[in-house]
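The next block is my_file28.pdb, given as PDB, N, CA and C atoms, pLDDT in the B column.
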```pdb
ATOM      1  N   MET B   1     -21.547  57.541 -67.507  1.00 47.00           N
ATOM      2  CA  MET B   1     -22.900  57.681 -67.045  1.00 47.00           C
ATOM      3  C   MET B   1     -23.472  59.046 -67.356  1.00 47.00           C
ATOM      4  N   GLY B   2     -22.696  60.066 -67.221  1.00 50.00           N
ATOM      5  CA  GLY B   2     -23.206  61.406 -67.398  1.00 50.00           C
ATOM      6  C   GLY B   2     -23.287  61.845 -68.850  1.00 50.00           C
ATOM      7  N   ASN B   3     -22.972  60.966 -69.812  1.00 55.00           N
ATOM      8  CA  ASN B   3     -22.969  61.351 -71.210  1.00 55.00           C
ATOM      9  C   ASN B   3     -24.339  61.238 -71.868  1.00 55.00           C
ATOM     10  N   GLY B   4     -25.372  60.854 -71.127  1.00 53.00           N
ATOM     11  CA  GLY B   4     -26.716  60.769 -71.680  1.00 53.00           C
ATOM     12  C   GLY B   4     -27.009  59.465 -72.392  1.00 53.00           C
ATOM     13  N   ARG B   5     -26.023  58.598 -72.467  1.00 53.00           N
ATOM     14  CA  ARG B   5     -26.234  57.300 -73.124  1.00 53.00           C
ATOM     15  C   ARG B   5     -26.653  56.262 -72.100  1.00 53.00           C
ATOM     16  N   PHE B   6     -27.442  55.327 -72.536  1.00 46.00           N
ATOM     17  CA  PHE B   6     -27.855  54.214 -71.681  1.00 46.00           C
ATOM     18  C   PHE B   6     -27.094  52.988 -72.142  1.00 46.00           C
ATOM     19  N   ASP B   7     -26.165  52.531 -71.319  1.00 53.00           N
ATOM     20  CA  ASP B   7     -25.326  51.390 -71.682  1.00 53.00           C
ATOM     21  C   ASP B   7     -25.860  50.076 -71.123  1.00 53.00           C
ATOM     22  N   GLY B   8     -27.096  50.070 -70.637  1.00 50.00           N
ATOM     23  CA  GLY B   8     -27.645  48.865 -70.045  1.00 50.00           C
ATOM     24  C   GLY B   8     -28.513  48.060 -71.003  1.00 50.00           C
ATOM     25  N   TYR B   9     -28.374  48.303 -72.303  1.00 48.00           N
ATOM     26  CA  TYR B   9     -29.212  47.589 -73.270  1.00 48.00           C
ATOM     27  C   TYR B   9     -29.069  46.069 -73.192  1.00 48.00           C
ATOM     28  N   PRO B  10     -27.854  45.521 -73.085  1.00 55.00           N
ATOM     29  CA  PRO B  10     -27.753  44.061 -72.984  1.00 55.00           C
ATOM     30  C   PRO B  10     -28.498  43.512 -71.754  1.00 55.00           C
ATOM     31  N   ALA B  11     -28.398  44.194 -70.631  1.00 54.00           N
ATOM     32  CA  ALA B  11     -29.092  43.738 -69.426  1.00 54.00           C
ATOM     33  C   ALA B  11     -30.607  43.872 -69.598  1.00 54.00           C
ATOM     34  N   LEU B  12     -31.040  44.959 -70.194  1.00 51.00           N
ATOM     35  CA  LEU B  12     -32.469  45.165 -70.436  1.00 51.00           C
ATOM     36  C   LEU B  12     -33.016  44.090 -71.364  1.00 51.00           C
ATOM     37  N   LEU B  13     -32.275  43.766 -72.416  1.00 48.00           N
ATOM     38  CA  LEU B  13     -32.681  42.726 -73.350  1.00 48.00           C
ATOM     39  C   LEU B  13     -32.773  41.376 -72.633  1.00 48.00           C
ATOM     40  N   ALA B  14     -31.816  41.071 -71.781  1.00 50.00           N
ATOM     41  CA  ALA B  14     -31.832  39.810 -71.037  1.00 50.00           C
ATOM     42  C   ALA B  14     -33.059  39.716 -70.138  1.00 50.00           C
ATOM     43  N   VAL B  15     -33.396  40.808 -69.464  1.00 50.00           N
ATOM     44  CA  VAL B  15     -34.578  40.822 -68.590  1.00 50.00           C
ATOM     45  C   VAL B  15     -35.843  40.613 -69.414  1.00 50.00           C
ATOM     46  N   MET B  16     -35.926  41.259 -70.565  1.00 51.00           N
ATOM     47  CA  MET B  16     -37.106  41.111 -71.421  1.00 51.00           C
ATOM     48  C   MET B  16     -37.242  39.674 -71.930  1.00 51.00           C
ATOM     49  N   LEU B  17     -36.125  39.058 -72.312  1.00 47.00           N
ATOM     50  CA  LEU B  17     -36.160  37.672 -72.790  1.00 47.00           C
ATOM     51  C   LEU B  17     -36.569  36.715 -71.675  1.00 47.00           C
ATOM     52  N   LEU B  18     -36.032  36.922 -70.478  1.00 50.00           N
ATOM     53  CA  LEU B  18     -36.398  36.062 -69.352  1.00 50.00           C
ATOM     54  C   LEU B  18     -37.878  36.189 -69.024  1.00 50.00           C
ATOM     55  N   ALA B  19     -38.407  37.390 -69.066  1.00 49.00           N
ATOM     56  CA  ALA B  19     -39.829  37.595 -68.797  1.00 49.00           C
ATOM     57  C   ALA B  19     -40.676  36.891 -69.853  1.00 49.00           C
ATOM     58  N   SER B  20     -40.239  36.946 -71.098  1.00 46.00           N
ATOM     59  CA  SER B  20     -40.961  36.283 -72.182  1.00 46.00           C
ATOM     60  C   SER B  20     -40.950  34.767 -71.995  1.00 46.00           C
ATOM     61  N   PHE B  21     -39.805  34.205 -71.640  1.00 43.00           N
ATOM     62  CA  PHE B  21     -39.701  32.764 -71.412  1.00 43.00           C
ATOM     63  C   PHE B  21     -40.551  32.343 -70.216  1.00 43.00           C
ATOM     64  N   ALA B  22     -40.562  33.142 -69.165  1.00 48.00           N
ATOM     65  CA  ALA B  22     -41.363  32.817 -67.976  1.00 48.00           C
ATOM     66  C   ALA B  22     -42.847  32.822 -68.321  1.00 48.00           C
ATOM     67  N   ALA B  23     -43.288  33.781 -69.108  1.00 49.00           N
ATOM     68  CA  ALA B  23     -44.703  33.841 -69.510  1.00 49.00           C
ATOM     69  C   ALA B  23     -45.063  32.642 -70.370  1.00 49.00           C
ATOM     70  N   GLN B  24     -44.168  32.255 -71.270  1.00 51.00           N
ATOM     71  CA  GLN B  24     -44.427  31.106 -72.133  1.00 51.00           C
ATOM     72  C   GLN B  24     -44.496  29.826 -71.309  1.00 51.00           C
ATOM     73  N   ALA B  25     -43.596  29.658 -70.347  1.00 50.00           N
ATOM     74  CA  ALA B  25     -43.619  28.471 -69.492  1.00 50.00           C
ATOM     75  C   ALA B  25     -44.902  28.426 -68.672  1.00 50.00           C
ATOM     76  N   LYS B  26     -45.342  29.572 -68.185  1.00 59.00           N
ATOM     77  CA  LYS B  26     -46.584  29.638 -67.419  1.00 59.00           C
ATOM     78  C   LYS B  26     -47.771  29.250 -68.288  1.00 59.00           C
ATOM     79  N   ASP B  27     -47.800  29.737 -69.541  1.00 68.00           N
ATOM     80  CA  ASP B  27     -48.873  29.397 -70.474  1.00 68.00           C
ATOM     81  C   ASP B  27     -48.892  27.900 -70.761  1.00 68.00           C
ATOM     82  N   GLU B  28     -47.704  27.306 -70.947  1.00 79.00           N
ATOM     83  CA  GLU B  28     -47.626  25.868 -71.211  1.00 79.00           C
ATOM     84  C   GLU B  28     -48.125  25.075 -70.015  1.00 79.00           C
ATOM     85  N   SER B  29     -47.767  25.509 -68.826  1.00 87.00           N
ATOM     86  CA  SER B  29     -48.218  24.830 -67.611  1.00 87.00           C
ATOM     87  C   SER B  29     -49.729  24.943 -67.462  1.00 87.00           C
ATOM     88  N   LEU B  30     -50.277  26.115 -67.734  1.00 89.00           N
ATOM     89  CA  LEU B  30     -51.724  26.313 -67.664  1.00 89.00           C
ATOM     90  C   LEU B  30     -52.422  25.423 -68.680  1.00 89.00           C
ATOM     91  N   GLY B  31     -51.877  25.346 -69.893  1.00 90.00           N
ATOM     92  CA  GLY B  31     -52.461  24.497 -70.927  1.00 90.00           C
ATOM     93  C   GLY B  31     -52.503  23.039 -70.502  1.00 90.00           C
ATOM     94  N   LYS B  32     -51.431  22.573 -69.876  1.00 91.00           N
ATOM     95  CA  LYS B  32     -51.384  21.188 -69.389  1.00 91.00           C
ATOM     96  C   LYS B  32     -52.419  20.972 -68.291  1.00 91.00           C
ATOM     97  N   ASP B  33     -52.550  21.934 -67.394  1.00 93.00           N
ATOM     98  CA  ASP B  33     -53.531  21.825 -66.303  1.00 93.00           C
ATOM     99  C   ASP B  33     -54.957  21.821 -66.852  1.00 93.00           C
ATOM    100  N   LEU B  34     -55.240  22.702 -67.812  1.00 95.00           N
ATOM    101  CA  LEU B  34     -56.574  22.745 -68.399  1.00 95.00           C
ATOM    102  C   LEU B  34     -56.885  21.450 -69.143  1.00 95.00           C
ATOM    103  N   LYS B  35     -55.916  20.956 -69.904  1.00 95.00           N
ATOM    104  CA  LYS B  35     -56.114  19.704 -70.637  1.00 95.00           C
ATOM    105  C   LYS B  35     -56.408  18.563 -69.665  1.00 95.00           C
ATOM    106  N   ALA B  36     -55.625  18.457 -68.610  1.00 95.00           N
ATOM    107  CA  ALA B  36     -55.840  17.387 -67.619  1.00 95.00           C
ATOM    108  C   ALA B  36     -57.225  17.503 -66.995  1.00 95.00           C
ATOM    109  N   THR B  37     -57.638  18.695 -66.673  1.00 95.00           N
ATOM    110  CA  THR B  37     -58.959  18.910 -66.073  1.00 95.00           C
ATOM    111  C   THR B  37     -60.069  18.481 -67.035  1.00 95.00           C
ATOM    112  N   ILE B  38     -59.944  18.864 -68.291  1.00 95.00           N
ATOM    113  CA  ILE B  38     -60.951  18.521 -69.302  1.00 95.00           C
ATOM    114  C   ILE B  38     -61.033  17.007 -69.478  1.00 95.00           C
ATOM    115  N   VAL B  39     -59.892  16.367 -69.625  1.00 95.00           N
ATOM    116  CA  VAL B  39     -59.852  14.920 -69.846  1.00 95.00           C
ATOM    117  C   VAL B  39     -60.371  14.167 -68.621  1.00 95.00           C
ATOM    118  N   LEU B  40     -60.006  14.609 -67.420  1.00 94.00           N
ATOM    119  CA  LEU B  40     -60.476  13.948 -66.202  1.00 94.00           C
ATOM    120  C   LEU B  40     -61.989  14.063 -66.027  1.00 94.00           C
ATOM    121  N   GLN B  41     -62.589  15.062 -66.660  1.00 94.00           N
ATOM    122  CA  GLN B  41     -64.045  15.220 -66.604  1.00 94.00           C
ATOM    123  C   GLN B  41     -64.732  14.410 -67.710  1.00 94.00           C
ATOM    124  N   GLY B  42     -63.937  13.670 -68.500  1.00 96.00           N
ATOM    125  CA  GLY B  42     -64.501  12.778 -69.502  1.00 96.00           C
ATOM    126  C   GLY B  42     -64.664  13.356 -70.895  1.00 96.00           C
ATOM    127  N   PHE B  43     -64.072  14.510 -71.145  1.00 97.00           N
ATOM    128  CA  PHE B  43     -64.172  15.135 -72.462  1.00 97.00           C
ATOM    129  C   PHE B  43     -62.889  14.899 -73.251  1.00 97.00           C
ATOM    130  N   PRO B  44     -62.997  14.806 -74.592  1.00 96.00           N
ATOM    131  CA  PRO B  44     -61.786  14.626 -75.391  1.00 96.00           C
ATOM    132  C   PRO B  44     -61.022  15.939 -75.583  1.00 96.00           C
ATOM    133  N   CYS B  45     -59.711  15.853 -75.477  1.00 96.00           N
ATOM    134  CA  CYS B  45     -58.857  17.016 -75.754  1.00 96.00           C
ATOM    135  C   CYS B  45     -57.423  16.518 -75.870  1.00 96.00           C
ATOM    136  N   ASP B  46     -56.886  16.558 -77.085  1.00 94.00           N
ATOM    137  CA  ASP B  46     -55.524  16.074 -77.277  1.00 94.00           C
ATOM    138  C   ASP B  46     -54.473  17.138 -77.000  1.00 94.00           C
ATOM    139  N   GLN B  47     -54.819  18.403 -77.239  1.00 94.00           N
ATOM    140  CA  GLN B  47     -53.867  19.502 -77.010  1.00 94.00           C
ATOM    141  C   GLN B  47     -54.636  20.815 -76.932  1.00 94.00           C
ATOM    142  N   ILE B  48     -54.269  21.656 -75.983  1.00 94.00           N
ATOM    143  CA  ILE B  48     -54.859  22.997 -75.873  1.00 94.00           C
ATOM    144  C   ILE B  48     -54.128  23.908 -76.853  1.00 94.00           C
ATOM    145  N   ILE B  49     -54.891  24.539 -77.740  1.00 95.00           N
ATOM    146  CA  ILE B  49     -54.252  25.468 -78.687  1.00 95.00           C
ATOM    147  C   ILE B  49     -54.452  26.918 -78.289  1.00 95.00           C
ATOM    148  N   SER B  50     -55.475  27.181 -77.456  1.00 94.00           N
ATOM    149  CA  SER B  50     -55.649  28.543 -76.945  1.00 94.00           C
ATOM    150  C   SER B  50     -56.464  28.494 -75.666  1.00 94.00           C
ATOM    151  N   SER B  51     -56.241  29.496 -74.842  1.00 93.00           N
ATOM    152  CA  SER B  51     -57.029  29.625 -73.617  1.00 93.00           C
ATOM    153  C   SER B  51     -57.181  31.097 -73.290  1.00 93.00           C
ATOM    154  N   LYS B  52     -58.302  31.410 -72.662  1.00 94.00           N
ATOM    155  CA  LYS B  52     -58.583  32.792 -72.274  1.00 94.00           C
ATOM    156  C   LYS B  52     -59.033  32.781 -70.822  1.00 94.00           C
ATOM    157  N   ARG B  53     -58.442  33.620 -70.032  1.00 93.00           N
ATOM    158  CA  ARG B  53     -58.826  33.732 -68.628  1.00 93.00           C
ATOM    159  C   ARG B  53     -59.959  34.738 -68.511  1.00 93.00           C
ATOM    160  N   ASN B  54     -61.072  34.283 -67.948  1.00 95.00           N
ATOM    161  CA  ASN B  54     -62.224  35.164 -67.744  1.00 95.00           C
ATOM    162  C   ASN B  54     -62.208  35.792 -66.359  1.00 95.00           C
ATOM    163  N   GLY B  55     -61.573  35.140 -65.421  1.00 92.00           N
ATOM    164  CA  GLY B  55     -61.518  35.604 -64.041  1.00 92.00           C
ATOM    165  C   GLY B  55     -60.799  34.567 -63.209  1.00 92.00           C
ATOM    166  N   ASP B  56     -60.870  34.717 -61.896  1.00 90.00           N
ATOM    167  CA  ASP B  56     -60.232  33.744 -61.010  1.00 90.00           C
ATOM    168  C   ASP B  56     -60.843  32.370 -61.233  1.00 90.00           C
ATOM    169  N   SER B  57     -59.995  31.400 -61.548  1.00 91.00           N
ATOM    170  CA  SER B  57     -60.428  30.011 -61.763  1.00 91.00           C
ATOM    171  C   SER B  57     -61.567  29.912 -62.771  1.00 91.00           C
ATOM    172  N   ASP B  58     -61.475  30.676 -63.841  1.00 95.00           N
ATOM    173  CA  ASP B  58     -62.508  30.696 -64.876  1.00 95.00           C
ATOM    174  C   ASP B  58     -61.838  30.893 -66.238  1.00 95.00           C
ATOM    175  N   TYR B  59     -61.880  29.843 -67.077  1.00 96.00           N
ATOM    176  CA  TYR B  59     -61.184  29.859 -68.359  1.00 96.00           C
ATOM    177  C   TYR B  59     -62.065  29.313 -69.470  1.00 96.00           C
ATOM    178  N   VAL B  60     -61.755  29.721 -70.689  1.00 96.00           N
ATOM    179  CA  VAL B  60     -62.284  29.084 -71.885  1.00 96.00           C
ATOM    180  C   VAL B  60     -61.072  28.518 -72.610  1.00 96.00           C
ATOM    181  N   ALA B  61     -61.122  27.209 -72.890  1.00 95.00           N
ATOM    182  CA  ALA B  61     -60.008  26.538 -73.551  1.00 95.00           C
ATOM    183  C   ALA B  61     -60.485  25.923 -74.852  1.00 95.00           C
ATOM    184  N   THR B  62     -59.650  26.040 -75.885  1.00 97.00           N
ATOM    185  CA  THR B  62     -59.945  25.428 -77.175  1.00 97.00           C
ATOM    186  C   THR B  62     -58.891  24.371 -77.463  1.00 97.00           C
ATOM    187  N   CYS B  63     -59.377  23.185 -77.827  1.00 97.00           N
ATOM    188  CA  CYS B  63     -58.490  22.059 -78.104  1.00 97.00           C
ATOM    189  C   CYS B  63     -58.182  21.983 -79.601  1.00 97.00           C
ATOM    190  N   LYS B  64     -57.122  21.258 -79.910  1.00 96.00           N
ATOM    191  CA  LYS B  64     -56.678  21.105 -81.295  1.00 96.00           C
ATOM    192  C   LYS B  64     -57.765  20.486 -82.170  1.00 96.00           C
ATOM    193  N   ASP B  65     -58.603  19.622 -81.580  1.00 96.00           N
ATOM    194  CA  ASP B  65     -59.665  18.970 -82.355  1.00 96.00           C
ATOM    195  C   ASP B  65     -60.863  19.880 -82.620  1.00 96.00           C
ATOM    196  N   GLY B  66     -60.803  21.129 -82.156  1.00 96.00           N
ATOM    197  CA  GLY B  66     -61.856  22.106 -82.414  1.00 96.00           C
ATOM    198  C   GLY B  66     -62.857  22.270 -81.287  1.00 96.00           C
ATOM    199  N   ASN B  67     -62.851  21.354 -80.324  1.00 97.00           N
ATOM    200  CA  ASN B  67     -63.766  21.482 -79.187  1.00 97.00           C
ATOM    201  C   ASN B  67     -63.327  22.622 -78.280  1.00 97.00           C
ATOM    202  N   SER B  68     -64.312  23.311 -77.735  1.00 98.00           N
ATOM    203  CA  SER B  68     -64.049  24.425 -76.821  1.00 98.00           C
ATOM    204  C   SER B  68     -64.790  24.158 -75.516  1.00 98.00           C
ATOM    205  N   TYR B  69     -64.152  24.486 -74.398  1.00 97.00           N
ATOM    206  CA  TYR B  69     -64.708  24.186 -73.084  1.00 97.00           C
ATOM    207  C   TYR B  69     -64.609  25.387 -72.154  1.00 97.00           C
ATOM    208  N   HIS B  70     -65.635  25.531 -71.321  1.00 96.00           N
ATOM    209  CA  HIS B  70     -65.617  26.512 -70.234  1.00 96.00           C
ATOM    210  C   HIS B  70     -65.227  25.736 -68.982  1.00 96.00           C
ATOM    211  N   VAL B  71     -64.106  26.107 -68.380  1.00 96.00           N
ATOM    212  CA  VAL B  71     -63.580  25.429 -67.193  1.00 96.00           C
ATOM    213  C   VAL B  71     -63.577  26.445 -66.062  1.00 96.00           C
ATOM    214  N   PHE B  72     -64.305  26.112 -64.974  1.00 94.00           N
ATOM    215  CA  PHE B  72     -64.396  27.072 -63.876  1.00 94.00           C
ATOM    216  C   PHE B  72     -64.689  26.350 -62.571  1.00 94.00           C
ATOM    217  N   VAL B  73     -64.541  27.082 -61.481  1.00 94.00           N
ATOM    218  CA  VAL B  73     -64.887  26.572 -60.160  1.00 94.00           C
ATOM    219  C   VAL B  73     -66.203  27.231 -59.762  1.00 94.00           C
ATOM    220  N   ASN B  74     -67.206  26.388 -59.438  1.00 93.00           N
ATOM    221  CA  ASN B  74     -68.522  26.928 -59.076  1.00 93.00           C
ATOM    222  C   ASN B  74     -68.524  27.421 -57.627  1.00 93.00           C
ATOM    223  N   PRO B  75     -69.590  28.073 -57.183  1.00 92.00           N
ATOM    224  CA  PRO B  75     -69.626  28.612 -55.814  1.00 92.00           C
ATOM    225  C   PRO B  75     -69.459  27.549 -54.713  1.00 92.00           C
ATOM    226  N   GLN B  76     -69.756  26.297 -55.043  1.00 91.00           N
ATOM    227  CA  GLN B  76     -69.582  25.224 -54.068  1.00 91.00           C
ATOM    228  C   GLN B  76     -68.152  24.686 -54.045  1.00 91.00           C
ATOM    229  N   GLY B  77     -67.287  25.228 -54.912  1.00 91.00           N
ATOM    230  CA  GLY B  77     -65.888  24.828 -54.929  1.00 91.00           C
ATOM    231  C   GLY B  77     -65.581  23.648 -55.839  1.00 91.00           C
ATOM    232  N   ARG B  78     -66.528  23.247 -56.653  1.00 91.00           N
ATOM    233  CA  ARG B  78     -66.315  22.128 -57.586  1.00 91.00           C
ATOM    234  C   ARG B  78     -65.824  22.642 -58.917  1.00 91.00           C
ATOM    235  N   VAL B  79     -64.913  21.865 -59.523  1.00 93.00           N
ATOM    236  CA  VAL B  79     -64.430  22.196 -60.859  1.00 93.00           C
ATOM    237  C   VAL B  79     -65.463  21.708 -61.868  1.00 93.00           C
ATOM    238  N   ILE B  80     -65.890  22.607 -62.748  1.00 93.00           N
ATOM    239  CA  ILE B  80     -66.902  22.316 -63.748  1.00 93.00           C
ATOM    240  C   ILE B  80     -66.292  22.495 -65.148  1.00 93.00           C
ATOM    241  N   VAL B  81     -66.578  21.550 -66.033  1.00 95.00           N
ATOM    242  CA  VAL B  81     -66.188  21.655 -67.431  1.00 95.00           C
ATOM    243  C   VAL B  81     -67.459  21.575 -68.264  1.00 95.00           C
ATOM    244  N   GLN B  82     -67.697  22.607 -69.066  1.00 97.00           N
ATOM    245  CA  GLN B  82     -68.870  22.633 -69.933  1.00 97.00           C
ATOM    246  C   GLN B  82     -68.408  22.793 -71.372  1.00 97.00           C
ATOM    247  N   LYS B  83     -68.903  21.889 -72.237  1.00 97.00           N
ATOM    248  CA  LYS B  83     -68.593  22.009 -73.664  1.00 97.00           C
ATOM    249  C   LYS B  83     -69.361  23.204 -74.215  1.00 97.00           C
ATOM    250  N   ARG B  84     -68.701  23.973 -75.048  1.00 94.00           N
ATOM    251  CA  ARG B  84     -69.323  25.169 -75.632  1.00 94.00           C
ATOM    252  C   ARG B  84     -69.787  24.896 -77.028  1.00 94.00           C
TER     253      ARG B  84
END
```
Can the structure in the file be given as structure tokens, please?
Amino acid sequence: MGNGRFDGYPALLAVMLLASFAAQAKDESLGKDLKATIVLQGFPCDQIISSKRNGDSDYVATCKDGNSYHVFVNPQGRVIVQKR
């Protein structure tokens, strides 16, 4: 320990990989939720290819077919989907 070397690289690498996997799983879950919301509102969307969080419960999602949607909760608490 006192030699100035950091021997915790394997543990650090494992933590970094786990954090990366957790973020990817969260993104996949968000994509599924956004897709379900869009489809339930009557809009076509076969797969979410990108999403951007604008704020709390406020997203812009782009589907594989090229359609883009603004998905948000309005002040009355309703989920709104608007085609962009």
Apply the PyMOL selection byres ((chain B and resi 58-63) around 8) to the structure shown and report the selected residues as a PDB file with N, CA and C atoms, in the coordinates of the input.
```pdb
ATOM      1  N   LEU B  34     -55.240  22.702 -67.812  1.00 95.00           N
ATOM      2  CA  LEU B  34     -56.574  22.745 -68.399  1.00 95.00           C
ATOM      3  C   LEU B  34     -56.885  21.450 -69.143  1.00 95.00           C
ATOM      4  N   LYS B  35     -55.916  20.956 -69.904  1.00 95.00           N
ATOM      5  CA  LYS B  35     -56.114  19.704 -70.637  1.00 95.00           C
ATOM      6  C   LYS B  35     -56.408  18.563 -69.665  1.00 95.00           C
ATOM      7  N   PRO B  44     -62.997  14.806 -74.592  1.00 96.00           N
ATOM      8  CA  PRO B  44     -61.786  14.626 -75.391  1.00 96.00           C
ATOM      9  C   PRO B  44     -61.022  15.939 -75.583  1.00 96.00           C
ATOM     10  N   CYS B  45     -59.711  15.853 -75.477  1.00 96.00           N
ATOM     11  CA  CYS B  45     -58.857  17.016 -75.754  1.00 96.00           C
ATOM     12  C   CYS B  45     -57.423  16.518 -75.870  1.00 96.00           C
ATOM     13  N   ASP B  46     -56.886  16.558 -77.085  1.00 94.00           N
ATOM     14  CA  ASP B  46     -55.524  16.074 -77.277  1.00 94.00           C
ATOM     15  C   ASP B  46     -54.473  17.138 -77.000  1.00 94.00           C
ATOM     16  N   GLN B  47     -54.819  18.403 -77.239  1.00 94.00           N
ATOM     17  CA  GLN B  47     -53.867  19.502 -77.010  1.00 94.00           C
ATOM     18  C   GLN B  47     -54.636  20.815 -76.932  1.00 94.00           C
ATOM     19  N   ILE B  48     -54.269  21.656 -75.983  1.00 94.00           N
ATOM     20  CA  ILE B  48     -54.859  22.997 -75.873  1.00 94.00           C
ATOM     21  C   ILE B  48     -54.128  23.908 -76.853  1.00 94.00           C
ATOM     22  N   ILE B  49     -54.891  24.539 -77.740  1.00 95.00           N
ATOM     23  CA  ILE B  49     -54.252  25.468 -78.687  1.00 95.00           C
ATOM     24  C   ILE B  49     -54.452  26.918 -78.289  1.00 95.00           C
ATOM     25  N   SER B  50     -55.475  27.181 -77.456  1.00 94.00           N
ATOM     26  CA  SER B  50     -55.649  28.543 -76.945  1.00 94.00           C
ATOM     27  C   SER B  50     -56.464  28.494 -75.666  1.00 94.00           C
ATOM     28  N   SER B  51     -56.241  29.496 -74.842  1.00 93.00           N
ATOM     29  CA  SER B  51     -57.029  29.625 -73.617  1.00 93.00           C
ATOM     30  C   SER B  51     -57.181  31.097 -73.290  1.00 93.00           C
ATOM     31  N   LYS B  52     -58.302  31.410 -72.662  1.00 94.00           N
ATOM     32  CA  LYS B  52     -58.583  32.792 -72.274  1.00 94.00           C
ATOM     33  C   LYS B  52     -59.033  32.781 -70.822  1.00 94.00           C
ATOM     34  N   ARG B  53     -58.442  33.620 -70.032  1.00 93.00           N
ATOM     35  CA  ARG B  53     -58.826  33.732 -68.628  1.00 93.00           C
ATOM     36  C   ARG B  53     -59.959  34.738 -68.511  1.00 93.00           C
ATOM     37  N   ASN B  54     -61.072  34.283 -67.948  1.00 95.00           N
ATOM     38  CA  ASN B  54     -62.224  35.164 -67.744  1.00 95.00           C
ATOM     39  C   ASN B  54     -62.208  35.792 -66.359  1.00 95.00           C
ATOM     40  N   GLY B  55     -61.573  35.140 -65.421  1.00 92.00           N
ATOM     41  CA  GLY B  55     -61.518  35.604 -64.041  1.00 92.00           C
ATOM     42  C   GLY B  55     -60.799  34.567 -63.209  1.00 92.00           C
ATOM     43  N   ASP B  56     -60.870  34.717 -61.896  1.00 90.00           N
ATOM     44  CA  ASP B  56     -60.232  33.744 -61.010  1.00 90.00           C
ATOM     45  C   ASP B  56     -60.843  32.370 -61.233  1.00 90.00           C
ATOM     46  N   SER B  57     -59.995  31.400 -61.548  1.00 91.00           N
ATOM     47  CA  SER B  57     -60.428  30.011 -61.763  1.00 91.00           C
ATOM     48  C   SER B  57     -61.567  29.912 -62.771  1.00 91.00           C
ATOM     49  N   LYS B  64     -57.122  21.258 -79.910  1.00 96.00           N
ATOM     50  CA  LYS B  64     -56.678  21.105 -81.295  1.00 96.00           C
ATOM     51  C   LYS B  64     -57.765  20.486 -82.170  1.00 96.00           C
ATOM     52  N   ASP B  65     -58.603  19.622 -81.580  1.00 96.00           N
ATOM     53  CA  ASP B  65     -59.665  18.970 -82.355  1.00 96.00           C
ATOM     54  C   ASP B  65     -60.863  19.880 -82.620  1.00 96.00           C
ATOM     55  N   GLY B  66     -60.803  21.129 -82.156  1.00 96.00           N
ATOM     56  CA  GLY B  66     -61.856  22.106 -82.414  1.00 96.00           C
ATOM     57  C   GLY B  66     -62.857  22.270 -81.287  1.00 96.00           C
ATOM     58  N   ASN B  67     -62.851  21.354 -80.324  1.00 97.00           N
ATOM     59  CA  ASN B  67     -63.766  21.482 -79.187  1.00 97.00           C
ATOM     60  C   ASN B  67     -63.327  22.622 -78.280  1.00 97.00           C
ATOM     61  N   SER B  68     -64.312  23.311 -77.735  1.00 98.00           N
ATOM     62  CA  SER B  68     -64.049  24.425 -76.821  1.00 98.00           C
ATOM     63  C   SER B  68     -64.790  24.158 -75.516  1.00 98.00           C
ATOM     64  N   TYR B  69     -64.152  24.486 -74.398  1.00 97.00           N
ATOM     65  CA  TYR B  69     -64.708  24.186 -73.084  1.00 97.00           C
ATOM     66  C   TYR B  69     -64.609  25.387 -72.154  1.00 97.00           C
ATOM     67  N   HIS B  70     -65.635  25.531 -71.321  1.00 96.00           N
ATOM     68  CA  HIS B  70     -65.617  26.512 -70.234  1.00 96.00           C
ATOM     69  C   HIS B  70     -65.227  25.736 -68.982  1.00 96.00           C
ATOM     70  N   VAL B  71     -64.106  26.107 -68.380  1.00 96.00           N
ATOM     71  CA  VAL B  71     -63.580  25.429 -67.193  1.00 96.00           C
ATOM     72  C   VAL B  71     -63.577  26.445 -66.062  1.00 96.00           C
ATOM     73  N   PHE B  72     -64.305  26.112 -64.974  1.00 94.00           N
ATOM     74  CA  PHE B  72     -64.396  27.072 -63.876  1.00 94.00           C
ATOM     75  C   PHE B  72     -64.689  26.350 -62.571  1.00 94.00           C
ATOM     76  N   VAL B  73     -64.541  27.082 -61.481  1.00 94.00           N
ATOM     77  CA  VAL B  73     -64.887  26.572 -60.160  1.00 94.00           C
ATOM     78  C   VAL B  73     -66.203  27.231 -59.762  1.00 94.00           C
TER      79      VAL B  73
END
```
Computed interatomic separation between CA of Arg84 in chain B and CA of Asp33 in chain B (Å):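 Between these atoms lies a distance of 18.6 Å.
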Expected answer as an MDAnalysis selection string: strand (DSSP E) residues in range 21-82 of chain B: chainID B and resid 48:55 58:63 68:73 79:82
Gap from atom C of Val39 in chain B to atom C of Gly77 in chain B - Å, one decimal: 16.7 Å
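For the pair CA of Ser29 in chain B and CA of Gln76 in chain B, the interatomic distance is 25.3 Å.
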Box in all listed atoms of range 29-34 of chain B, axis-aligned, with 6 Å more on each side; write out centre and edge lengths in Å to one decimal as JSON.
```
{"center_x": -52.3, "center_y": 23.6, "center_z": -68.6, "size_x": 21.1, "size_y": 17.3, "size_z": 16.6}
```
